[in-house]
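Structure record follows, encoded as structure tokens.
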Amino acid sequence: MRGNIYLYILVMAGVTYLIRLIPLIFMRKEIRNVYLKSFLYYVPYVTLAVMTFPAILSATANLWSALAGFGTALILAYRGGSLFKVSIMACLSVFIVELMV
């Protein structure tokens with residue numbers, strides 16, 4: 001990438017600002033549609049999941065250990081485990097599977 005770095009930064013800042021500005025311009029009233037409100041409520045969670053899941057699968061040396069850690073974390077979190085317990089048990093399951101494979 002050769003060129004003016006300041007131009008690239010300016011374009012990036014402009015695009016980022018426009019993404020935040022456009023909803024303010026076009027949606028001045030409160031959103032009353034139940035389906036749209038429900039959709040917008042879950043957008044941050046879906047975005048976080050979409051960015052996190054590929055990182056989980058590529059974080060270990062082996063796909064099987066990543067799946068074991070993900071499965072362990074999923075089951076413990078579904079059963080109401082604390083964040084500390086879920087993360088420790090997921091790391092432990094990854095460690096054990098890495099030793100076996």
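Chain labels run A, B, ... following the order of the structure tokens; each chain numbers its residues from 1, and ligands are numbered from 1 in the order shown.
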For stretch 99-101 of chain A, list every protein, DNA or RNA residue within 10 Å, evaluated using only C-alpha atoms, and leave out those in the same chain fewer than 3 positions away; present the list as an mmCIF file with N, CA, C and O atoms, in the first residue's frame.
data_model
loop_
_atom_site.group_PDB
_atom_site.id
_atom_site.type_symbol
_atom_site.label_atom_id
_atom_site.label_comp_id
_atom_site.auth_asym_id
_atom_site.auth_seq_id
_atom_site.Cartn_x
_atom_site.Cartn_y
_atom_site.Cartn_z
ATOM 1 N N ALA A 61 -3.818 -26.035 18.542
ATOM 2 C CA ALA A 61 -3.022 -26.702 17.512
ATOM 3 C C ALA A 61 -3.831 -27.742 16.755
ATOM 4 O O ALA A 61 -3.453 -28.143 15.660
ATOM 5 N N ASN A 62 -4.945 -28.174 17.326
ATOM 6 C CA ASN A 62 -5.729 -29.249 16.747
ATOM 7 C C ASN A 62 -7.206 -28.867 16.771
ATOM 8 O O ASN A 62 -7.692 -28.305 17.757
ATOM 9 N N TRP A 64 -9.717 -30.868 17.009
ATOM 10 C CA TRP A 64 -10.455 -31.685 17.982
ATOM 11 C C TRP A 64 -10.365 -31.102 19.386
ATOM 12 O O TRP A 64 -11.336 -31.130 20.138
ATOM 13 N N SER A 65 -9.226 -30.570 19.741
ATOM 14 C CA SER A 65 -9.111 -29.955 21.057
ATOM 15 C C SER A 65 -9.941 -28.674 21.139
ATOM 16 O O SER A 65 -10.534 -28.371 22.172
ATOM 17 N N SER A 93 -10.072 -29.054 29.427
ATOM 18 C CA SER A 93 -10.445 -30.047 28.411
ATOM 19 C C SER A 93 -9.568 -29.907 27.162
ATOM 20 O O SER A 93 -9.176 -30.910 26.558
ATOM 21 N N VAL A 94 -9.238 -28.685 26.780
ATOM 22 C CA VAL A 94 -8.328 -28.484 25.651
ATOM 23 C C VAL A 94 -6.955 -29.070 25.975
ATOM 24 O O VAL A 94 -6.346 -29.761 25.148
ATOM 25 N N PHE A 95 -6.479 -28.832 27.181
ATOM 26 C CA PHE A 95 -5.171 -29.354 27.593
ATOM 27 C C PHE A 95 -5.149 -30.877 27.543
ATOM 28 O O PHE A 95 -4.200 -31.482 27.028
ATOM 29 N N ILE A 96 -6.199 -31.514 28.047
ATOM 30 C CA ILE A 96 -6.254 -32.968 28.072
ATOM 31 C C ILE A 96 -6.314 -33.551 26.666
ATOM 32 O O ILE A 96 -5.611 -34.523 26.340
#
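Pairwise distance (atom CA of A:Leu83, atom CA of A:Gly71) equals 14.8 Å.
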- Task: Write down as a ChimeraX atom specification the residues belonging to chain A that are assigned helix (DSSP H, G or I) by DSSP computed on the backbone.
- Result: /A:5-26,34-58,63-78,83-100
